[in-house]
$ cat input30.cif   # mmCIF, C-alpha atoms and all ligand atoms
data_protein
loop_
_atom_site.label_atom_id
_atom_site.label_comp_id
_atom_site.auth_asym_id
_atom_site.auth_seq_id
_atom_site.Cartn_x
_atom_site.Cartn_y
_atom_site.Cartn_z
CA MET A 1 -23.17 43.31 20.47
CA THR A 2 -21.16 40.20 19.85
CA PRO A 3 -17.79 40.99 18.37
CA LEU A 4 -17.08 39.48 14.99
CA SER A 5 -15.05 36.38 15.59
CA SER A 6 -11.41 36.89 14.79
CA ASP A 7 -11.60 34.30 11.99
CA LEU A 8 -14.38 36.20 10.26
CA SER A 9 -12.60 39.50 10.80
CA ALA A 10 -9.49 37.97 9.23
CA LEU A 11 -11.58 36.65 6.33
CA LEU A 12 -13.21 40.02 5.72
CA GLU A 13 -9.80 41.68 5.78
CA LEU A 14 -8.48 39.10 3.31
CA GLN A 15 -11.38 39.84 0.97
CA ARG A 16 -10.69 43.58 1.20
CA ARG A 17 -7.03 43.03 0.36
CA ASP A 18 -7.81 40.64 -2.48
CA HIS A 19 -10.29 43.13 -3.86
CA ALA A 20 -7.78 45.98 -3.71
CA LEU A 21 -5.12 43.78 -5.31
CA ALA A 22 -7.49 42.62 -8.08
CA ASP A 23 -8.32 46.27 -8.79
CA ARG A 24 -4.61 47.08 -9.37
CA VAL A 25 -4.07 43.91 -11.38
CA GLY A 26 -7.06 44.81 -13.56
CA ARG A 27 -5.80 48.34 -14.11
CA HIS A 28 -2.33 47.00 -14.93
CA ALA A 29 -3.83 44.58 -17.46
CA ALA A 30 -5.70 47.46 -19.10
CA LEU A 31 -2.48 49.45 -19.74
CA PRO A 32 -1.49 47.81 -23.06
CA GLY A 33 -4.97 48.47 -24.44
CA ARG A 34 -4.75 52.13 -23.42
CA ARG A 35 -1.30 52.38 -25.02
CA ARG A 36 -2.64 50.84 -28.21
CA GLU A 37 -5.57 53.25 -28.20
CA ALA A 38 -3.26 56.27 -27.87
CA LEU A 39 -1.09 54.96 -30.72
CA GLU A 40 -4.10 54.26 -32.94
CA THR A 41 -5.40 57.80 -32.42
CA LEU A 42 -2.03 59.19 -33.48
CA GLU A 43 -1.78 56.86 -36.47
CA ALA A 44 -5.28 57.83 -37.61
CA ALA A 45 -4.39 61.54 -37.37
CA ARG A 46 -1.16 60.99 -39.34
CA ALA A 47 -2.99 58.95 -41.99
CA ALA A 48 -5.59 61.73 -42.36
CA ALA A 49 -2.79 64.30 -42.86
CA GLU A 50 -1.10 62.07 -45.45
CA LYS A 51 -4.36 61.59 -47.29
CA ALA A 52 -5.01 65.35 -47.36
CA LYS A 53 -1.52 65.88 -48.82
CA ARG A 54 -2.09 63.22 -51.47
CA ASP A 55 -5.45 64.76 -52.41
CA LEU A 56 -3.79 68.16 -52.81
CA GLU A 57 -0.99 66.68 -54.92
CA THR A 58 -3.51 64.91 -57.16
CA ALA A 59 -5.47 68.15 -57.66
CA ARG A 60 -2.28 70.02 -58.55
CA THR A 61 -1.22 67.35 -61.05
CA GLU A 62 -4.66 67.46 -62.66
CA ARG A 63 -4.47 71.23 -62.96
CA ARG A 64 -1.02 71.08 -64.57
CA GLY A 65 -2.53 68.66 -67.12
CA LEU A 66 -5.36 71.12 -67.83
CA GLU A 67 -2.90 73.99 -68.18
CA LYS A 68 -0.98 72.00 -70.80
CA GLU A 69 -4.24 71.44 -72.68
CA ILE A 70 -4.96 75.18 -72.60
CA ALA A 71 -1.50 75.92 -73.98
CA GLY A 72 -2.20 73.44 -76.79
CA PHE A 73 -5.50 75.15 -77.62
CA GLN A 74 -3.86 78.57 -77.59
CA ALA A 75 -1.21 77.43 -80.06
CA GLU A 76 -3.97 75.91 -82.18
CA THR A 77 -5.96 79.17 -82.14
CA GLU A 78 -2.90 81.20 -83.11
CA ARG A 79 -2.14 78.83 -85.96
CA LEU A 80 -5.72 79.02 -87.25
CA GLU A 81 -5.79 82.80 -86.96
CA ARG A 82 -2.61 83.04 -89.07
CA GLN A 83 -4.23 80.79 -91.68
CA LEU A 84 -7.19 83.17 -91.87
CA PHE A 85 -5.02 85.55 -93.91
CA ASP A 86 -4.43 82.92 -96.55
CA VAL A 87 -8.02 81.85 -97.20
CA LYS A 88 -9.35 82.63 -100.65
CA THR A 89 -13.12 82.27 -100.41
CA ASN A 90 -15.79 83.53 -98.10
CA ASP A 91 -16.95 79.98 -97.36
CA GLU A 92 -13.44 78.91 -96.46
CA TYR A 93 -13.19 81.98 -94.21
CA LYS A 94 -16.46 81.14 -92.44
CA ALA A 95 -15.41 77.50 -91.97
CA MET A 96 -12.10 78.63 -90.50
CA GLN A 97 -13.80 81.06 -88.13
CA HIS A 98 -16.13 78.31 -87.01
CA GLN A 99 -13.11 76.09 -86.31
CA ILE A 100 -11.48 78.87 -84.29
CA ALA A 101 -14.68 79.41 -82.29
CA THR A 102 -14.86 75.68 -81.49
CA VAL A 103 -11.28 75.60 -80.22
CA LYS A 104 -11.90 78.75 -78.14
CA GLU A 105 -15.01 77.18 -76.62
CA LYS A 106 -13.06 74.11 -75.59
CA SER A 107 -10.33 76.31 -74.20
CA SER A 108 -12.84 78.36 -72.22
CA ALA A 109 -14.40 75.22 -70.71
CA ILE A 110 -10.97 74.13 -69.52
CA GLU A 111 -10.26 77.58 -68.09
CA THR A 112 -13.41 77.21 -66.01
CA ALA A 113 -12.24 73.79 -64.89
CA ILE A 114 -8.87 75.27 -63.91
CA LEU A 115 -10.57 77.95 -61.81
CA GLU A 116 -12.64 75.30 -60.10
CA HIS A 117 -9.47 73.32 -59.45
CA MET A 118 -7.77 76.34 -57.95
CA GLU A 119 -10.68 76.86 -55.57
CA ARG A 120 -10.56 73.21 -54.63
CA GLU A 121 -6.78 73.42 -54.11
CA GLU A 122 -7.23 76.35 -51.76
CA TRP A 123 -9.71 74.29 -49.79
CA LEU A 124 -7.36 71.29 -49.84
CA GLU A 125 -4.42 73.43 -48.68
CA ALA A 126 -6.50 74.52 -45.69
CA ALA A 127 -7.40 70.88 -45.06
CA VAL A 128 -3.72 69.84 -45.17
CA LYS A 129 -2.87 72.58 -42.68
CA ALA A 130 -5.70 71.56 -40.35
CA GLU A 131 -4.85 67.85 -40.58
CA GLU A 132 -1.16 68.52 -39.97
CA GLU A 133 -2.03 70.59 -36.91
CA ALA A 134 -4.31 67.81 -35.70
CA ALA A 135 -1.52 65.25 -36.24
CA ALA A 136 0.93 67.43 -34.30
CA ALA A 137 -1.60 67.76 -31.46
CA ALA A 138 -2.13 64.00 -31.54
CA ALA A 139 1.63 63.45 -31.29
CA THR A 140 1.77 65.72 -28.23
CA ALA A 141 -1.22 63.91 -26.71
CA LYS A 142 0.42 60.56 -27.42
CA ALA A 143 3.66 61.64 -25.72
CA GLU A 144 1.65 62.85 -22.72
CA ALA A 145 -0.34 59.62 -22.62
CA ASP A 146 2.90 57.62 -22.73
CA ARG A 147 4.32 59.56 -19.80
CA THR A 148 1.09 59.13 -17.81
CA LEU A 149 0.90 55.44 -18.63
CA ASP A 150 4.57 54.88 -17.79
CA ALA A 151 4.05 56.55 -14.41
CA GLU A 152 0.85 54.58 -13.80
CA GLN A 153 2.62 51.36 -14.69
CA VAL A 154 5.43 52.00 -12.22
CA THR A 155 2.94 52.91 -9.48
CA LEU A 156 0.73 49.90 -10.19
CA GLU A 157 3.64 47.48 -10.29
CA THR A 158 4.88 48.76 -6.93
CA GLU A 159 1.37 48.56 -5.50
CA ILE A 160 0.84 45.05 -6.84
CA THR A 161 4.05 43.88 -5.19
CA GLU A 162 3.15 45.55 -1.89
CA ARG A 163 -0.48 44.47 -1.96
CA THR A 164 0.42 40.90 -2.86
CA THR A 165 2.59 40.75 0.25
CA ALA A 166 -0.21 42.29 2.33
CA ARG A 167 -2.75 39.86 0.86
CA ASP A 168 -0.50 36.87 1.53
CA GLU A 169 -0.09 38.09 5.10
CA ALA A 170 -3.87 38.23 5.48
CA ARG A 171 -4.19 34.69 4.14
CA ARG A 172 -2.02 33.40 6.99
CA ALA A 173 -4.53 34.75 9.51
CA VAL A 174 -7.38 32.64 8.10
CA PRO A 175 -7.79 28.98 9.13
CA ALA A 176 -7.08 26.47 6.35
CA ALA A 177 -10.63 25.10 5.98
CA LEU A 178 -12.15 28.57 5.77
CA LEU A 179 -9.41 29.62 3.37
CA SER A 180 -10.09 26.84 0.90
CA ARG A 181 -13.82 27.61 1.02
CA TYR A 182 -12.94 31.26 0.40
CA ASP A 183 -10.66 30.38 -2.55
CA ARG A 184 -13.35 28.29 -4.22
CA LEU A 185 -15.89 31.10 -3.83
CA LEU A 186 -13.40 33.72 -5.01
CA ALA A 187 -12.83 31.80 -8.23
CA ALA A 188 -16.52 31.05 -8.77
CA ARG A 189 -17.90 34.49 -7.86
CA GLU A 190 -15.73 36.93 -9.85
CA GLY A 191 -13.35 37.73 -7.01
CA LEU A 192 -16.09 38.41 -4.46
CA ALA A 193 -16.32 35.62 -1.89
CA VAL A 194 -17.13 37.59 1.27
CA VAL A 195 -19.74 40.33 1.35
CA GLU A 196 -21.33 42.51 3.96
CA VAL A 197 -25.01 42.84 4.77
CA VAL A 198 -26.43 45.80 2.87
CA ASN A 199 -29.97 46.93 3.77
CA ALA A 200 -30.76 43.50 5.22
CA ALA A 201 -29.74 41.88 1.94
CA CYS A 202 -26.71 39.99 0.62
CA GLY A 203 -24.14 42.56 -0.52
CA GLY A 204 -23.20 40.26 -3.40
CA CYS A 205 -26.44 39.20 -5.07
CA HIS A 206 -28.82 41.55 -3.17
CA ARG A 207 -31.15 38.75 -2.12
CA ALA A 208 -33.09 39.76 0.99
CA LEU A 209 -31.89 37.94 4.10
CA THR A 210 -34.39 36.33 6.44
CA ALA A 211 -34.79 37.42 10.08
CA HIS A 212 -33.17 34.13 11.00
CA ASP A 213 -30.18 34.84 8.70
CA LEU A 214 -29.81 38.29 10.21
CA GLN A 215 -29.94 36.83 13.70
CA ILE A 216 -27.13 34.37 12.88
CA LEU A 217 -25.09 37.15 11.26
CA LYS A 218 -25.51 39.35 14.28
CA GLN A 219 -23.83 36.63 16.36
CA GLY A 220 -20.82 37.08 14.11
CA ASP A 221 -19.33 33.71 14.87
CA THR A 222 -20.13 31.50 11.87
CA ALA A 223 -19.26 31.85 8.21
CA HIS A 224 -22.87 32.01 7.07
CA ALA A 225 -23.52 31.55 3.34
CA CYS A 226 -26.07 33.44 1.28
CA GLU A 227 -28.67 30.91 0.09
CA GLU A 228 -28.77 32.49 -3.34
CA CYS A 229 -25.12 33.05 -4.33
CA GLY A 230 -23.26 31.03 -1.69
CA ARG A 231 -21.04 33.96 -0.69
CA ILE A 232 -20.07 34.28 2.94
CA VAL A 233 -22.13 37.13 4.38
CA ILE A 234 -20.83 39.15 7.31
CA ASP A 235 -22.68 41.72 9.38
CA PRO A 236 -20.27 44.66 9.75
CA ALA A 237 -22.19 45.76 12.85
CA ALA A 238 -21.02 42.56 14.55
CA ALA A 239 -17.46 43.74 13.99
CA SER A 240 -17.98 46.97 15.88
CA GLY A 241 -19.24 45.29 19.05
ZN ZN B 301 -25.95 36.45 -2.20
#
$ encode --input "input30.cif" --output "structure tokens"
Amino acid sequence: MTPLSSDLSALLELQRRDHALADRVGRHAALPGRRREALETLEAARAAAEKAKRDLETARTERRGLEKEIAGFQAETERLERQLFDVKTNDEYKAMQHQIATVKEKSSAIETAILEHMEREEWLEAAVKAEEEAAAAAATAKAEADRTLDAEQVTLETEITERTTARDEARRAVPAALLSRYDRLLAAREGLAVVEVVNAACGGCHRALTAHDLQILKQGDTAHACEECGRIVIDPAAASG
């Protein structure tokens, strides 16, 4: 087997290093988004806890209003009951009793409403507790995420520096003409300029290679382009010769 020419070997190595570098650069670029996501999750949990507290406070205020109304009705009932002793006629007495019954009915309806409020408050208290626990858990998760992301950032920045140096080193091993062809392809083909043969097809666009293509690639001495995507295709088997 013909060994892959040193130029093509250098080109393939450059592509590997560029690919590895681009991977780190991409992951580094994704860090702010991940930080934002972690913060938004925490903010949403805190907002939910605040809303639950507000709902509970509103329910309590409403109940205090109802309790005042009840107190008013009780005073009214007591006043009417005292007046009962002063009525002179049977009709007056009946009218007064009817009035008392009406006030008591209203009072009873509000008592029911108060009971319903108390049940709702119990439910809201549980909701506040649950939301506060969730917010505390979210704060812990956010702190953990920050630590992880900080560590990842340090690692990635170190790797980017090291891999940039390694990539630049690989560039020096590729002849100028081939390098400029590579750079054009890299920009035009989403960072993938050089691909290997995969199942007798272009490893970039997967177009089947002809027997003639495969024959040329097996020689391993020319930078052969895929007819479909224009990427430089290399037969890795030619490298192991
Ligand atoms: Zn292709």
$ residues_around --input "input30.cif" --residues "A:Ala47" --least-positions-apart "2" --cutoff "12 Å" --atoms "only C-alpha atoms" --output "compact mmCIF listing (two decimals) with C-alpha atoms, in the coordinates of the input"
# COMPACT_ATOMS: atom_id res chain seq x y z
CA GLU A 40 -4.10 54.26 -32.94
CA THR A 41 -5.40 57.80 -32.42
CA LEU A 42 -2.03 59.19 -33.48
CA GLU A 43 -1.78 56.86 -36.47
CA ALA A 44 -5.28 57.83 -37.61
CA ALA A 45 -4.39 61.54 -37.37
CA ALA A 49 -2.79 64.30 -42.86
CA GLU A 50 -1.10 62.07 -45.45
CA LYS A 51 -4.36 61.59 -47.29
CA ALA A 52 -5.01 65.35 -47.36
CA LYS A 53 -1.52 65.88 -48.82
CA ARG A 54 -2.09 63.22 -51.47
CA VAL A 128 -3.72 69.84 -45.17
CA GLU A 131 -4.85 67.85 -40.58
CA GLU A 132 -1.16 68.52 -39.97
CA ALA A 134 -4.31 67.81 -35.70
CA ALA A 135 -1.52 65.25 -36.24
CA ALA A 138 -2.13 64.00 -31.54
$ residues_around --input "input30.cif" --residues "A:Ile160" --least-positions-apart "2" --cutoff "9 Å" --atoms "all atoms listed in the file" --output "list in words"
Leu21, Ala22, Arg24, Val25, His28, Thr155, Leu156, Glu157, Thr158, Glu162, Arg163, Thr164 and Thr165 of chain A
$ write_last_selection --input "input30.cif" --atoms "C-alpha atoms" --output "CSV table (one decimal), in the frame of the given file"
chain,number,residue,atom,x,y,z
A,21,LEU,CA,-5.1,43.8,-5.3
A,22,ALA,CA,-7.5,42.6,-8.1
A,24,ARG,CA,-4.6,47.1,-9.4
A,25,VAL,CA,-4.1,43.9,-11.4
A,28,HIS,CA,-2.3,47.0,-14.9
A,155,THR,CA,2.9,52.9,-9.5
A,156,LEU,CA,0.7,49.9,-10.2
A,157,GLU,CA,3.6,47.5,-10.3
A,158,THR,CA,4.9,48.8,-6.9
A,162,GLU,CA,3.2,45.6,-1.9
A,163,ARG,CA,-0.5,44.5,-2.0
A,164,THR,CA,0.4,40.9,-2.9
A,165,THR,CA,2.6,40.8,0.2
$ residues_around --input "input30.cif" --residues "A:Glu227" --least-positions-apart "6" --cutoff "12 Å" --atoms "all atoms listed in the file" --output "ChimeraX atom specification"
/A:201-202,204-210,213,233
$ atom_distance --input "input30.cif" --atom1 "atom CA of A:Asp55" --atom2 "atom CA of A:Glu121"
8.9 Å
$ residues_around --input "input30.cif" --residues "A:Ile100" --least-positions-apart "2" --cutoff "10 Å" --atoms "all atoms listed in the file" --output "ChimeraX atom specification"
/A:73,76-81,84,94-98,102-105
$ axis_aligned_box --input "input30.cif" --around "stretch 166-171 of chain A" --padding-each-side "5 Å" --output "AutoDock Vina command-line options"
--center_x -2.1 --center_y 38.5 --center_z 3.2 --size_x 14.1 --size_y 17.6 --size_z 14.6
$ closest_residue --input "input30.cif" --among "A:Glu67, A:Ile216, A:Ile110, A:Ala223" --to "A:Pro175" --atoms "all atoms listed in the file"
A:Ala223
$ atom_distance --input "input30.cif" --atom1 "atom CA of A:Glu57" --atom2 "atom CA of A:His117"
11.7 Å
$ closest_residue --input "input30.cif" --among "A:Ala173, A:Leu12, A:Ala38, A:Leu185" --to "ligand ZN 301 (chain B)" --atoms "only C-alpha atoms and all ligand atoms"
A:Leu185
$ atom_distance --input "input30.cif" --atom1 "atom CA of A:Arg231" --atom2 "atom CA of A:Glu159"
27.2 Å
$ residues_around --input "input30.cif" --residues "stretch 187-200 of chain A" --least-positions-apart "5" --cutoff "12 Å" --atoms "all atoms listed in the file" --output "ChimeraX atom specification"
/A:8-23,25-26,178-182,205-218,220,223-226,228-239
$ closest_residue --input "input30.cif" --among "A:Gln219, A:Ala136, A:Gly203, A:Arg34" --to "ligand ZN 301 (chain B)" --atoms "all atoms listed in the file"
A:Gly203
